[in-house]
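To be precise, the following lines are data20.txt, and they hold compact mmCIF, C-alpha atoms.
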```txt
# COMPACT_ATOMS: atom_id res chain seq x y z
CA MET A 1 91.56 -4.79 -61.06
CA ASN A 2 89.58 -7.92 -60.09
CA ASP A 3 87.99 -8.00 -56.69
CA PRO A 4 88.51 -11.46 -55.12
CA ALA A 5 85.35 -11.05 -53.01
CA ARG A 6 83.12 -10.55 -56.06
CA PRO A 7 83.04 -14.20 -57.29
CA ARG A 8 82.43 -15.38 -53.77
CA SER A 9 79.42 -13.07 -53.26
CA SER A 10 77.93 -14.01 -56.63
CA GLY A 11 78.36 -17.69 -55.69
CA CYS A 12 76.55 -17.07 -52.41
CA LEU A 13 73.80 -15.21 -54.26
CA LEU A 14 73.41 -18.10 -56.68
CA ALA A 15 73.28 -20.58 -53.79
CA LEU A 16 70.60 -18.48 -52.06
CA ILE A 17 68.53 -18.31 -55.26
CA ILE A 18 68.76 -22.09 -55.69
CA LEU A 19 67.89 -22.68 -52.02
CA ALA A 20 64.91 -20.28 -52.25
CA SER A 21 63.60 -21.98 -55.39
CA VAL A 22 63.92 -25.43 -53.82
CA ALA A 23 62.35 -24.34 -50.52
CA ALA A 24 59.50 -22.36 -52.13
CA PRO A 25 56.11 -23.71 -51.14
CA VAL A 26 54.18 -25.58 -53.80
CA PRO A 27 50.79 -27.23 -53.60
CA ALA A 28 50.93 -30.80 -52.34
CA HIS A 29 48.86 -33.56 -53.85
CA ALA A 30 47.98 -36.72 -52.02
CA HIS A 31 45.55 -39.53 -52.30
CA VAL A 32 45.48 -40.94 -48.84
CA LYS A 33 42.39 -42.48 -47.31
CA TRP A 34 42.35 -40.00 -44.41
CA PHE A 35 42.30 -36.99 -46.77
CA ALA A 36 40.13 -38.27 -49.61
CA PRO A 37 36.71 -39.86 -49.82
CA TYR A 38 36.82 -43.60 -49.29
CA ILE A 39 34.34 -45.56 -51.37
CA VAL A 40 34.30 -49.26 -50.51
CA GLY A 41 32.30 -50.15 -53.62
CA ALA A 42 34.71 -48.44 -56.02
CA PRO A 43 36.66 -50.88 -58.19
CA PRO A 44 40.40 -51.04 -57.52
CA GLN A 45 42.70 -49.41 -60.03
CA SER A 46 44.04 -51.82 -62.61
CA ILE A 47 47.62 -53.08 -62.42
CA GLY A 48 48.21 -51.66 -65.88
CA ALA A 49 47.26 -48.17 -64.67
CA THR A 50 49.70 -48.51 -61.79
CA LEU A 51 52.52 -49.81 -63.99
CA THR A 52 52.08 -46.93 -66.47
CA ASN A 53 51.96 -44.27 -63.74
CA VAL A 54 55.15 -42.18 -63.85
CA TRP A 55 54.92 -41.41 -60.10
CA PHE A 56 54.95 -45.11 -59.25
CA TRP A 57 58.26 -45.56 -61.09
CA THR A 58 59.62 -42.28 -59.70
CA GLY A 59 58.95 -43.57 -56.19
CA ILE A 60 60.64 -46.90 -56.98
CA ALA A 61 63.66 -45.10 -58.47
CA LEU A 62 64.01 -42.76 -55.48
CA VAL A 63 63.81 -45.61 -52.97
CA LEU A 64 66.41 -47.56 -54.93
CA ALA A 65 68.70 -44.52 -55.24
CA PHE A 66 68.54 -43.76 -51.52
CA PHE A 67 69.07 -47.41 -50.65
CA LEU A 68 72.16 -47.66 -52.88
CA ALA A 69 73.53 -44.37 -51.52
CA SER A 70 73.03 -45.59 -47.94
CA ARG A 71 74.78 -48.87 -48.71
CA ALA A 72 77.68 -47.02 -50.37
CA ILE A 73 78.11 -44.82 -47.29
CA GLU A 74 77.91 -47.83 -44.94
CA LYS A 75 80.58 -49.67 -46.95
CA SER A 76 82.88 -46.64 -47.16
CA SER A 77 85.75 -46.00 -44.78
CA ALA A 78 83.62 -43.46 -42.90
CA GLY A 79 80.65 -45.84 -42.69
CA GLU A 80 81.69 -47.63 -39.50
CA THR A 81 82.41 -44.31 -37.78
CA ILE A 82 79.03 -42.92 -38.83
CA LEU A 83 77.19 -46.05 -37.64
CA LEU A 84 79.00 -46.00 -34.28
CA ALA A 85 78.15 -42.31 -33.82
CA MET A 86 74.50 -43.00 -34.65
CA ASP A 87 74.46 -45.87 -32.15
CA ARG A 88 76.01 -43.66 -29.47
CA ILE A 89 73.39 -40.93 -30.10
CA THR A 90 70.43 -43.32 -30.08
CA ASP A 91 71.56 -45.58 -27.20
CA PRO A 92 69.52 -43.70 -24.56
CA LEU A 93 66.40 -44.27 -26.65
CA TRP A 94 67.18 -47.96 -27.24
CA MET A 95 67.73 -48.49 -23.52
CA ARG A 96 64.17 -47.22 -22.83
CA LEU A 97 62.48 -48.35 -26.03
CA ASP A 98 59.35 -49.72 -24.34
CA ASP A 99 58.84 -46.45 -22.47
CA PHE A 100 59.22 -44.55 -25.73
CA VAL A 101 56.68 -46.80 -27.51
CA ARG A 102 54.18 -46.38 -24.67
CA VAL A 103 54.57 -42.58 -24.77
CA VAL A 104 54.00 -42.58 -28.54
CA ILE A 105 50.88 -44.77 -28.19
CA ALA A 106 49.52 -42.54 -25.41
CA ALA A 107 50.25 -39.39 -27.47
CA PHE A 108 48.39 -40.94 -30.39
CA PHE A 109 45.32 -41.60 -28.24
CA VAL A 110 45.43 -38.07 -26.80
CA ALA A 111 45.57 -36.72 -30.37
CA ILE A 112 42.61 -38.89 -31.41
CA PHE A 113 40.74 -37.65 -28.31
CA ALA A 114 41.46 -34.08 -29.43
CA VAL A 115 40.10 -34.79 -32.93
CA GLY A 116 36.92 -36.18 -31.38
CA GLY A 117 34.12 -38.17 -32.93
CA VAL A 118 36.25 -40.98 -34.36
CA TYR A 119 37.15 -44.59 -33.62
CA LEU A 120 40.94 -45.04 -33.53
CA THR A 121 41.58 -43.04 -36.77
CA PRO A 122 40.21 -39.88 -38.39
CA ASP A 123 38.31 -41.72 -41.12
CA LEU A 124 36.29 -43.95 -38.77
CA LYS A 125 33.66 -41.38 -37.74
CA THR A 126 31.22 -41.87 -34.87
CA PRO A 127 28.62 -39.57 -33.34
CA ALA A 128 29.20 -41.08 -29.87
CA GLU A 129 31.08 -38.58 -27.70
CA TRP A 130 31.96 -41.22 -25.08
CA VAL A 131 34.29 -42.86 -27.62
CA SER A 132 36.63 -39.86 -27.45
CA TRP A 133 36.67 -39.96 -23.66
CA THR A 134 37.40 -43.69 -23.79
CA GLN A 135 40.45 -42.94 -25.93
CA LEU A 136 41.68 -40.40 -23.38
CA LEU A 137 41.20 -43.03 -20.67
CA ILE A 138 43.20 -45.53 -22.77
CA ALA A 139 46.03 -42.99 -23.01
CA GLY A 140 46.09 -42.70 -19.21
CA LEU A 141 46.04 -46.47 -18.67
CA ILE A 142 49.13 -47.05 -20.81
CA PHE A 143 51.68 -45.75 -18.29
CA SER A 144 51.33 -48.51 -15.71
CA ARG A 145 52.07 -52.15 -16.42
CA LYS A 146 49.16 -53.08 -14.16
CA THR A 147 46.65 -51.11 -16.26
CA GLN A 148 48.12 -51.74 -19.73
CA PRO A 149 45.91 -54.84 -20.25
CA LEU A 150 42.87 -52.64 -19.56
CA ALA A 151 44.09 -50.19 -22.19
CA ALA A 152 44.51 -53.14 -24.58
CA LEU A 153 40.95 -54.27 -23.83
CA GLY A 154 39.70 -50.75 -24.55
CA ILE A 155 41.51 -50.68 -27.88
CA ILE A 156 40.04 -54.05 -28.88
CA ALA A 157 36.58 -52.89 -27.82
CA LEU A 158 36.85 -49.73 -29.94
CA TRP A 159 38.13 -51.76 -32.90
CA LEU A 160 35.16 -54.13 -32.56
CA LEU A 161 32.73 -51.20 -32.30
CA ALA A 162 34.23 -49.73 -35.45
CA LEU A 163 33.84 -53.16 -37.06
CA ARG A 164 30.13 -53.00 -36.20
CA ASP A 165 29.78 -49.65 -38.02
CA TYR A 166 32.21 -50.33 -40.88
CA ASP A 167 33.02 -53.48 -42.84
CA VAL A 168 35.89 -55.94 -42.31
CA PHE A 169 37.65 -54.81 -45.49
CA HIS A 170 37.87 -51.25 -44.17
CA LEU A 171 39.07 -52.34 -40.72
CA LEU A 172 41.85 -54.56 -42.09
CA ASP A 173 43.90 -51.39 -42.56
CA TYR A 174 43.69 -50.86 -38.80
CA LEU A 175 44.40 -54.39 -37.70
CA ALA A 176 47.93 -53.41 -36.62
CA LEU A 177 46.65 -50.32 -34.85
CA GLY A 178 43.83 -52.10 -33.08
CA VAL A 179 44.83 -55.68 -32.44
CA GLY A 180 48.60 -55.25 -32.86
CA VAL A 181 48.98 -52.39 -30.38
CA ALA A 182 46.66 -54.13 -27.91
CA ALA A 183 48.75 -57.32 -28.15
CA TYR A 184 51.93 -55.29 -27.62
CA LEU A 185 50.48 -53.68 -24.48
CA VAL A 186 49.48 -57.05 -23.03
CA LEU A 187 52.83 -58.68 -23.82
CA GLU A 188 54.85 -55.68 -22.59
CA ALA A 189 52.94 -55.73 -19.28
CA SER A 190 53.72 -59.42 -18.78
CA SER A 191 55.89 -60.41 -15.84
CA ASN A 192 57.65 -62.89 -18.15
CA PRO A 193 60.72 -61.08 -19.59
CA GLU A 194 60.72 -63.48 -22.58
CA TRP A 195 57.36 -62.09 -23.66
CA ARG A 196 58.49 -58.53 -23.13
```

Exercise: express the given structure as structure tokens:
Amino acid sequence: MNDPARPRSSGCLLALIILASVAAPVPAHAHVKWFAPYIVGAPPQSIGATLTNVWFWTGIALVLAFFLASRAIEKSSAGETILLAMDRITDPLWMRLDDFVRVVIAAFFVAIFAVGGVYLTPDLKTPAEWVSWTQLLIAGLIFSRKTQPLAALGIIALWLLALRDYDVFHLLDYLALGVGVAAYLVLEASSNPEWR
């Protein structure tokens, strides 16, 4: 006599084995400037090396696949319902977007303070301890519109100090972090709602 529960339990066991194999930890490999030595004088990798790299094309294929899947869902009959639900869930955040951005910027500067000994990012090292305390001060100045321009000035000053110790090429990566965030803080603190 066949037990109807038996196929179900073997299916659950198979699902658990698949889930365990997918979720099993594996070593991660990354080549990101913060986690690898950065050598300004090293020649850039050739375009041919990039175009023959299987991981480059895997990344392109995955982005394309996820984009097409997202578009298919959006265009489906359930798409409008899903988008409306997402809007309803995220509306409180959108209504206070500037507050959220300021909290994120402040949290970033608190984290950089905690790292210590760096200008604006972990790879811009400095022996000056006062730089870390300046970053904590910047985090505190972000929460008032009256002091946001001072925070912006502090960010620009730290970016310029890093520029003194590092070259322009290296600091271009942090143009958005330094100058962009400072500009945002000045514009967001403006009394002109058009600028905000």

Counting only C-alpha atoms, note down every residue that has an atom within 12 Å of the point (36.6, -41.9, -39.0) (file coordinates), as an mmCIF file with C-alpha atoms, in the frame of the given file.
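For reference, point-v1.cif as written:
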```cif
data_model
loop_
_atom_site.group_PDB
_atom_site.id
_atom_site.type_symbol
_atom_site.label_atom_id
_atom_site.label_comp_id
_atom_site.auth_asym_id
_atom_site.auth_seq_id
_atom_site.Cartn_x
_atom_site.Cartn_y
_atom_site.Cartn_z
ATOM 1 C CA LYS A 33 42.390 -42.480 -47.310
ATOM 2 C CA TRP A 34 42.350 -40.000 -44.410
ATOM 3 C CA PHE A 35 42.300 -36.990 -46.770
ATOM 4 C CA ALA A 36 40.130 -38.270 -49.610
ATOM 5 C CA PRO A 37 36.710 -39.860 -49.820
ATOM 6 C CA TYR A 38 36.820 -43.600 -49.290
ATOM 7 C CA ILE A 112 42.610 -38.890 -31.410
ATOM 8 C CA VAL A 115 40.100 -34.790 -32.930
ATOM 9 C CA GLY A 116 36.920 -36.180 -31.380
ATOM 10 C CA GLY A 117 34.120 -38.170 -32.930
ATOM 11 C CA VAL A 118 36.250 -40.980 -34.360
ATOM 12 C CA TYR A 119 37.150 -44.590 -33.620
ATOM 13 C CA LEU A 120 40.940 -45.040 -33.530
ATOM 14 C CA THR A 121 41.580 -43.040 -36.770
ATOM 15 C CA PRO A 122 40.210 -39.880 -38.390
ATOM 16 C CA ASP A 123 38.310 -41.720 -41.120
ATOM 17 C CA LEU A 124 36.290 -43.950 -38.770
ATOM 18 C CA LYS A 125 33.660 -41.380 -37.740
ATOM 19 C CA THR A 126 31.220 -41.870 -34.870
ATOM 20 C CA PRO A 127 28.620 -39.570 -33.340
ATOM 21 C CA ALA A 128 29.200 -41.080 -29.870
ATOM 22 C CA VAL A 131 34.290 -42.860 -27.620
ATOM 23 C CA SER A 132 36.630 -39.860 -27.450
ATOM 24 C CA LEU A 158 36.850 -49.730 -29.940
ATOM 25 C CA TRP A 159 38.130 -51.760 -32.900
ATOM 26 C CA ALA A 162 34.230 -49.730 -35.450
ATOM 27 C CA LEU A 163 33.840 -53.160 -37.060
ATOM 28 C CA ASP A 165 29.780 -49.650 -38.020
ATOM 29 C CA TYR A 166 32.210 -50.330 -40.880
ATOM 30 C CA HIS A 170 37.870 -51.250 -44.170
ATOM 31 C CA LEU A 171 39.070 -52.340 -40.720
ATOM 32 C CA TYR A 174 43.690 -50.860 -38.800
#
```

Go through A:Thr81, A:Leu187, A:Val101, A:Glu74 and flag the residue nearest Lys146 in chain A, using only C-alpha atoms for the distances.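 Ranked by minimum distance to Lys146 in chain A, first place goes to A:Leu187.
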
Could you work out how far CA of Ile155 in chain A lies from CA of Pro92 in chain A, giving the answer in Å with one decimal? 29.1 Å

Mind giving me the straight-line distance from CA of Gln148 in chain A to CA of Ala176 in chain A in Å, one decimal?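 About the pair CA of Gln148 in chain A and CA of Ala176 in chain A: they are 17.0 Å apart.
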
Have a look at A:Val168, A:Val63, A:Ile18, A:Ile138 and name the one nearest to Leu185 in chain A; count all atoms listed in the file. A:Ile138

Can you pull out the residues contacting Ile105 in chain A? Cut-off 12 Å, using all atoms listed in the file, and skip same-chain residues under 3 positions away; I want them as a PyMOL selection string. chain A and resi 98-102+108-112+120+135-136+138-143+148+151-152+155+177-178+180-182+184-185

State, in Å with one decimal place, the distance from CA of Asp173 in chain A to CA of Val186 in chain A.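 CA of Val186 in chain A lies at a distance of 21.1 Å from CA of Asp173 in chain A.
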
Rebuild range 162-175 of chain A so that it carries N, CA and C atoms, then output the result as a tab-separated table (two decimals), keeping the file's coordinate frame.
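Just written: rebuild30.tsv:
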```tsv
chain	number	residue	atom	x	y	z
A	162	ALA	N	34.03	-50.25	-34.09
A	162	ALA	CA	34.23	-49.73	-35.45
A	162	ALA	C	33.87	-50.79	-36.48
A	163	LEU	N	34.18	-52.04	-36.17
A	163	LEU	CA	33.84	-53.16	-37.06
A	163	LEU	C	32.32	-53.28	-37.21
A	164	ARG	N	31.60	-52.97	-36.15
A	164	ARG	CA	30.13	-53.00	-36.20
A	164	ARG	C	29.61	-51.94	-37.18
A	165	ASP	N	30.24	-50.75	-37.19
A	165	ASP	CA	29.78	-49.65	-38.02
A	165	ASP	C	30.39	-49.64	-39.42
A	166	TYR	N	31.53	-50.28	-39.59
A	166	TYR	CA	32.21	-50.33	-40.88
A	166	TYR	C	32.41	-51.81	-41.24
A	167	ASP	N	32.86	-52.08	-42.45
A	167	ASP	CA	33.02	-53.48	-42.84
A	167	ASP	C	34.44	-53.98	-42.55
A	168	VAL	N	34.61	-55.30	-42.62
A	168	VAL	CA	35.89	-55.94	-42.31
A	168	VAL	C	36.99	-55.42	-43.24
A	169	PHE	N	36.66	-55.28	-44.51
A	169	PHE	CA	37.65	-54.81	-45.49
A	169	PHE	C	38.25	-53.47	-45.06
A	170	HIS	N	37.40	-52.56	-44.59
A	170	HIS	CA	37.87	-51.25	-44.17
A	170	HIS	C	38.73	-51.34	-42.91
A	171	LEU	N	38.36	-52.21	-42.00
A	171	LEU	CA	39.07	-52.34	-40.72
A	171	LEU	C	40.36	-53.12	-40.82
A	172	LEU	N	40.58	-53.83	-41.92
A	172	LEU	CA	41.85	-54.56	-42.09
A	172	LEU	C	43.04	-53.61	-42.07
A	173	ASP	N	42.82	-52.39	-42.58
A	173	ASP	CA	43.90	-51.39	-42.56
A	173	ASP	C	44.33	-51.07	-41.13
A	174	TYR	N	43.42	-51.24	-40.18
A	174	TYR	CA	43.69	-50.86	-38.80
A	174	TYR	C	43.87	-52.06	-37.89
A	175	LEU	N	44.16	-53.20	-38.49
A	175	LEU	CA	44.40	-54.39	-37.70
A	175	LEU	C	45.64	-54.20	-36.82
```
